[in-house]
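These notes are about the structure you will find just below.
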Amino acid sequence: MKNGIDLVHNGRRLCRQLAALIAFVMLATGYARAQGIRDSTLTPIEGITQQEDNSGAQDKERDVIDLFHALTHYKADLPLYQAQKRNFEFTLVPAGGYTLQTGFAVLLAANTLFYLDQEDRSITSTALVSLSYTQYRQVILPVYINLSTKKYNLISDFRFMDYPSQTFGLGANTKVAEGYSINFSYLKIHQSFLRSVSPNLFVGAGYYLDHFWNIAETNPPSANTSFKQYGLRSNETASGISLQGTYDTRGNQVNPLGGWYASVRYRINTKWMGSTSDWHSTILELRKYIRFPKQSPNIIALWNYNWLTTYGRPPYLLLPSTGWDDFFNTGRGYIQGRYRAMNMSYAESEYRFRLIKNGLLGAVIFANVQTFSNDLSSQYRKLIPGGGAGLRIKINKHSRTNLAVDYAFGAEGSRGFFINLGEVF
């Protein structure tokens, strides 16, 4: 498996692949909407009232679906205010993506939106499932279910992965040349239940299970790798409870135009619950979205993510690591797993702005920095910068879902394209 650090060996070939991928996603999404199937988050744009929606204010926005209809003369989808009268929305979309870790990937994704509280349709519940197969023969099957009412929030995050993955050792001073592959299979079962204690604030608990098997190093650079020194086992299990709370004032979780998001999770893994070892960890996350200029749709987005080991020794594959947050988004500019240690702190800022007035095309510039404790100590030794720029193509104007195409740089010549459906954070 290639390490993906020096990606751009042939620019012309990569540009052709990139253009084909964008066209494929545009056509696939257009087909789904043309059949009356809509995206899963039908929320109006903040600052536009329902009356304005009904009077055609949304017509000023354009997405690739409008472009698809214009090119094919296919009948347009229902207006937003009519679609919101439905109680159930379903989407089935073939798509593609790219990361340094997976290479190019194809997937089939399905999602459902529904309302548990028919009196308050601003609160939506979702069920999402996809199946991916990647250039590096990885299989990824996530299932995510979020059931929400004014008082309760039930979150299920399940995942199966057969996943050759890169590792470079422990700490912030590892070298690219030290990287090699680890093969493993992975089952994730995270189940949480939260209750509202005040507007926008939920607290609760959950059960977290992470099980790895068939763990094996592939062509390691030495006989005594950091993985072996840490404790290489063919099977690892983490099992325990999670105490958590969230505060969320974002009007749209897919592409916020303002608001705060804050989250804290304290995980307790114990042998008596089936864990391989006793250990605790904490994840603290904070996001803020600011309109700039104030009356524009342009956004300054800020993100801080802290992943800390507070007791014991987690399994090697569950140590804080670049790109191993729940949605694999930290560390643009670096391959997933590039840095790994007992503690991680991460910060990123991004400016999102339109290139054309109707919102079909936009762009971003971003910068990030990550730091890790030195090997297995609790001291931070080094700041690791990253940054870049990207293009945004509006896939769905109602949910404000974008196709994100970013080119990012990091230290030691690390660079590459990062392609996602939706914003990074």
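Residues are referred to by chain and number: the chain letter is A, B, ... according to the order shown in the structure tokens, the number counts from 1 in that chain, and ligands are numbered separately from 1 in the order shown.
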Residue contacts of stretch 405-415 of chain A (7 Å, only C-alpha atoms) excluding same-chain residues fewer than 3 positions away, as a list in words: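 The neighbour list is Ile5, Asp6, Leu7, Arg332, Gly333, Tyr334, Pro385, Gly386, Gly387, Gly388, Ala389, Gly390, Leu391, Arg392, Phe418, Ile419 and Asn420 of chain A.
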Residue among A:Arg265, A:Asn396, A:Val424, A:Ile290 lying closest to A:Val364, counting only C-alpha atoms: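 Ranking A:Arg265, A:Asn396, A:Val424, A:Ile290 by distance to A:Val364, first place goes to A:Val424.
Shortest atom-to-atom contact with A:Ser185 among A:Gln229, A:Ser321, A:Thr401, A:Ser234: A:Ser234, counting only C-alpha atoms.
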Secondary structure check, helix (DSSP H, G or I) residues of stretch 85-284 of chain A, as a list in words: Val176, Ala177, Glu178, Ser226, Phe227, Lys228, Gln229, Tyr230, Gly231, Lys271, Trp272 and Met273 of chain A
Those same residues, written as a PDB file, in the first residue's frame with N, CA and C atoms?
```pdb
ATOM      1  N   VAL A 176       8.676  10.396   7.938  1.00  0.00           N
ATOM      2  CA  VAL A 176       7.874   9.765   6.893  1.00  0.00           C
ATOM      3  C   VAL A 176       8.462   8.418   6.501  1.00  0.00           C
ATOM      4  N   ALA A 177       9.789   8.341   6.451  1.00  0.00           N
ATOM      5  CA  ALA A 177      10.453   7.097   6.033  1.00  0.00           C
ATOM      6  C   ALA A 177      10.191   5.949   6.990  1.00  0.00           C
ATOM      7  N   GLU A 178       9.717   6.242   8.194  1.00  0.00           N
ATOM      8  CA  GLU A 178       9.451   5.204   9.182  1.00  0.00           C
ATOM      9  C   GLU A 178       8.057   4.580   9.020  1.00  0.00           C
ATOM     10  N   SER A 226       7.774   0.576  17.192  1.00  0.00           N
ATOM     11  CA  SER A 226       7.123   1.198  18.344  1.00  0.00           C
ATOM     12  C   SER A 226       5.838   0.462  18.694  1.00  0.00           C
ATOM     13  N   PHE A 227       5.162  -0.121  17.696  1.00  0.00           N
ATOM     14  CA  PHE A 227       3.953  -0.899  17.943  1.00  0.00           C
ATOM     15  C   PHE A 227       4.296  -2.113  18.813  1.00  0.00           C
ATOM     16  N   LYS A 228       5.378  -2.819  18.461  1.00  0.00           N
ATOM     17  CA  LYS A 228       5.787  -3.977  19.264  1.00  0.00           C
ATOM     18  C   LYS A 228       6.207  -3.542  20.671  1.00  0.00           C
ATOM     19  N   GLN A 229       6.929  -2.429  20.759  1.00  0.00           N
ATOM     20  CA  GLN A 229       7.357  -1.945  22.066  1.00  0.00           C
ATOM     21  C   GLN A 229       6.162  -1.558  22.936  1.00  0.00           C
ATOM     22  N   TYR A 230       5.160  -0.969  22.309  1.00  0.00           N
ATOM     23  CA  TYR A 230       3.974  -0.561  23.048  1.00  0.00           C
ATOM     24  C   TYR A 230       3.166  -1.770  23.504  1.00  0.00           C
ATOM     25  N   GLY A 231       3.138  -2.795  22.648  1.00  0.00           N
ATOM     26  CA  GLY A 231       2.377  -3.992  22.981  1.00  0.00           C
ATOM     27  C   GLY A 231       1.501  -4.443  21.829  1.00  0.00           C
ATOM     28  N   LYS A 271     -11.757  -3.754  32.553  1.00  0.00           N
ATOM     29  CA  LYS A 271     -11.641  -5.179  32.240  1.00  0.00           C
ATOM     30  C   LYS A 271     -12.929  -5.928  32.567  1.00  0.00           C
ATOM     31  N   TRP A 272     -13.621  -5.521  33.642  1.00  0.00           N
ATOM     32  CA  TRP A 272     -14.824  -6.263  34.017  1.00  0.00           C
ATOM     33  C   TRP A 272     -15.949  -6.084  33.008  1.00  0.00           C
ATOM     34  N   MET A 273     -15.806  -5.074  32.104  1.00  0.00           N
ATOM     35  CA  MET A 273     -16.778  -4.916  31.026  1.00  0.00           C
ATOM     36  C   MET A 273     -16.269  -5.504  29.711  1.00  0.00           C
TER      37      MET A 273
END
```
Could you give me, as JSON lines, a per-residue list for stretch 195-223 of chain A showing, wherever an atom lies at most 10 Å from an atom of stretch 140-154 of chain A, the closest pair of atoms and their distance in Å to one decimal, using only C-alpha atoms and sorting by chain then residue number from low to high?
```
{"residue": "A:Arg195", "atom": "CA", "partner": "A:Tyr152", "partner_atom": "CA", "distance": 4.6}
{"residue": "A:Ser196", "atom": "CA", "partner": "A:Lys151", "partner_atom": "CA", "distance": 4.9}
{"residue": "A:Val197", "atom": "CA", "partner": "A:Lys151", "partner_atom": "CA", "distance": 8.0}
{"residue": "A:Ser198", "atom": "CA", "partner": "A:Lys151", "partner_atom": "CA", "distance": 9.1}
{"residue": "A:Pro199", "atom": "CA", "partner": "A:Lys150", "partner_atom": "CA", "distance": 8.6}
{"residue": "A:Asn200", "atom": "CA", "partner": "A:Lys150", "partner_atom": "CA", "distance": 9.0}
{"residue": "A:Leu201", "atom": "CA", "partner": "A:Lys151", "partner_atom": "CA", "distance": 9.9}
{"residue": "A:Phe202", "atom": "CA", "partner": "A:Asn153", "partner_atom": "CA", "distance": 7.8}
{"residue": "A:Val203", "atom": "CA", "partner": "A:Asn153", "partner_atom": "CA", "distance": 9.2}
{"residue": "A:Gly204", "atom": "CA", "partner": "A:Asn153", "partner_atom": "CA", "distance": 9.0}
{"residue": "A:Gly206", "atom": "CA", "partner": "A:Leu154", "partner_atom": "CA", "distance": 9.5}
```
Expected answer as a ChimeraX atom specification: strand (DSSP E) residues in stretch 158-255 of chain A: /A:158-162,165-167,180-198,201-218,236-248
Next, write the just-selected residues to a file, as a PDB file, in the first residue's frame, keeping C-alpha atoms as the atom set.
```pdb
ATOM      1  CA  PHE A 158     -21.794   1.570  14.352  1.00  0.00           C
ATOM      2  CA  ARG A 159     -18.985   0.710  11.965  1.00  0.00           C
ATOM      3  CA  PHE A 160     -17.243  -2.253  10.347  1.00  0.00           C
ATOM      4  CA  MET A 161     -13.884  -1.774   8.653  1.00  0.00           C
ATOM      5  CA  ASP A 162     -11.421  -4.103   6.944  1.00  0.00           C
ATOM      6  CA  SER A 165      -3.732   1.564   7.568  1.00  0.00           C
ATOM      7  CA  GLN A 166      -0.475   3.508   7.841  1.00  0.00           C
ATOM      8  CA  THR A 167       1.485   4.053  11.067  1.00  0.00           C
ATOM      9  CA  TYR A 180       4.545   1.155   7.111  1.00  0.00           C
ATOM     10  CA  SER A 181       1.189  -0.646   6.971  1.00  0.00           C
ATOM     11  CA  ILE A 182      -0.892  -2.292   9.682  1.00  0.00           C
ATOM     12  CA  ASN A 183      -3.719  -4.569   8.593  1.00  0.00           C
ATOM     13  CA  PHE A 184      -6.732  -5.098  10.826  1.00  0.00           C
ATOM     14  CA  SER A 185     -10.474  -5.627  10.977  1.00  0.00           C
ATOM     15  CA  TYR A 186     -12.530  -3.356  13.205  1.00  0.00           C
ATOM     16  CA  LEU A 187     -16.001  -3.350  14.765  1.00  0.00           C
ATOM     17  CA  LYS A 188     -17.281  -0.175  16.426  1.00  0.00           C
ATOM     18  CA  ILE A 189     -20.490  -0.029  18.509  1.00  0.00           C
ATOM     19  CA  HIS A 190     -21.075   3.335  20.192  1.00  0.00           C
ATOM     20  CA  GLN A 191     -24.534   3.874  21.688  1.00  0.00           C
ATOM     21  CA  SER A 192     -25.437   7.086  23.549  1.00  0.00           C
ATOM     22  CA  PHE A 193     -28.569   8.450  25.203  1.00  0.00           C
ATOM     23  CA  LEU A 194     -28.832  12.158  26.083  1.00  0.00           C
ATOM     24  CA  ARG A 195     -31.560  14.236  27.696  1.00  0.00           C
ATOM     25  CA  SER A 196     -32.194  17.959  27.421  1.00  0.00           C
ATOM     26  CA  VAL A 197     -31.504  19.906  30.611  1.00  0.00           C
ATOM     27  CA  SER A 198     -31.929  23.392  29.069  1.00  0.00           C
ATOM     28  CA  LEU A 201     -27.935  21.582  26.097  1.00  0.00           C
ATOM     29  CA  PHE A 202     -28.045  17.763  26.366  1.00  0.00           C
ATOM     30  CA  VAL A 203     -26.317  15.476  28.859  1.00  0.00           C
ATOM     31  CA  GLY A 204     -26.260  11.704  29.095  1.00  0.00           C
ATOM     32  CA  ALA A 205     -24.261   8.488  28.924  1.00  0.00           C
ATOM     33  CA  GLY A 206     -23.503   5.649  26.568  1.00  0.00           C
ATOM     34  CA  TYR A 207     -21.812   2.307  26.003  1.00  0.00           C
ATOM     35  CA  TYR A 208     -18.738   2.192  23.751  1.00  0.00           C
ATOM     36  CA  LEU A 209     -17.232  -0.980  22.265  1.00  0.00           C
ATOM     37  CA  ASP A 210     -14.248  -1.069  19.887  1.00  0.00           C
ATOM     38  CA  HIS A 211     -12.945  -4.484  18.842  1.00  0.00           C
ATOM     39  CA  PHE A 212      -9.925  -5.095  16.567  1.00  0.00           C
ATOM     40  CA  TRP A 213      -8.853  -8.484  15.232  1.00  0.00           C
ATOM     41  CA  ASN A 214      -6.417  -9.914  12.663  1.00  0.00           C
ATOM     42  CA  ILE A 215      -3.975  -7.142  13.590  1.00  0.00           C
ATOM     43  CA  ALA A 216      -0.666  -7.605  11.753  1.00  0.00           C
ATOM     44  CA  GLU A 217       2.228  -5.411  10.675  1.00  0.00           C
ATOM     45  CA  THR A 218       3.177  -5.441   6.986  1.00  0.00           C
ATOM     46  CA  GLU A 236      -7.682  -5.777  21.103  1.00  0.00           C
ATOM     47  CA  THR A 237     -10.934  -4.784  22.795  1.00  0.00           C
ATOM     48  CA  ALA A 238     -12.027  -1.539  24.430  1.00  0.00           C
ATOM     49  CA  SER A 239     -15.310  -1.733  26.330  1.00  0.00           C
ATOM     50  CA  GLY A 240     -16.839   0.734  28.762  1.00  0.00           C
ATOM     51  CA  ILE A 241     -19.181   3.615  29.431  1.00  0.00           C
ATOM     52  CA  SER A 242     -19.103   7.186  28.189  1.00  0.00           C
ATOM     53  CA  LEU A 243     -20.371  10.264  30.048  1.00  0.00           C
ATOM     54  CA  GLN A 244     -21.099  13.131  27.692  1.00  0.00           C
ATOM     55  CA  GLY A 245     -22.736  16.464  27.075  1.00  0.00           C
ATOM     56  CA  THR A 246     -23.343  18.666  24.025  1.00  0.00           C
ATOM     57  CA  TYR A 247     -24.338  22.278  23.443  1.00  0.00           C
ATOM     58  CA  ASP A 248     -25.440  23.147  19.905  1.00  0.00           C
TER      59      ASP A 248
END
```
8 Å contact set for stretch 249-260 of chain A, only C-alpha atoms, chain neighbours under 5 positions out, as a list of chain:residue names: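 Near stretch 249-260 of chain A, the qualifying residues are A:Thr41, A:Thr43, A:Glu46, A:Asn200, A:Leu286, A:Arg287, A:Lys288, A:Tyr289, A:Ile290, A:Arg291, A:Pro297, A:Asn298, A:Ile299, A:Ser399, A:Arg400, A:Thr401, A:Gly422, A:Glu423.
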Neighbouring residues of A:Lys175 were defined as those with any atom within 10 Å, considering only C-alpha atoms; residues of the same chain fewer than 6 positions away were excluded. Please report them as a PDB file with C-alpha atoms, in the first residue's frame.
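What landed in result_16.pdb:
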```
ATOM      1  CA  PHE A 168       4.674   6.014  11.647  1.00  0.00           C
ATOM      2  CA  GLY A 169       5.433   5.394  15.309  1.00  0.00           C
ATOM      3  CA  ARG A 338       0.717  10.272  10.500  1.00  0.00           C
ATOM      4  CA  TYR A 339       1.151  11.209  14.183  1.00  0.00           C
ATOM      5  CA  GLU A 412       8.206  17.152   5.279  1.00  0.00           C
TER       6      GLU A 412
END
```
Contacts of stretch 350-356 of chain A at 6 Å (only C-alpha atoms; same-chain gap of 4+ positions) as an MDAnalysis selection string: chainID A and resid 298:301 361:366
Atomic separation - atom CA of A:Phe327 relative to atom CA of A:Leu131, Å: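 Straight-line distance from atom CA of A:Leu131 to atom CA of A:Phe327 works out to 15.0 Å.
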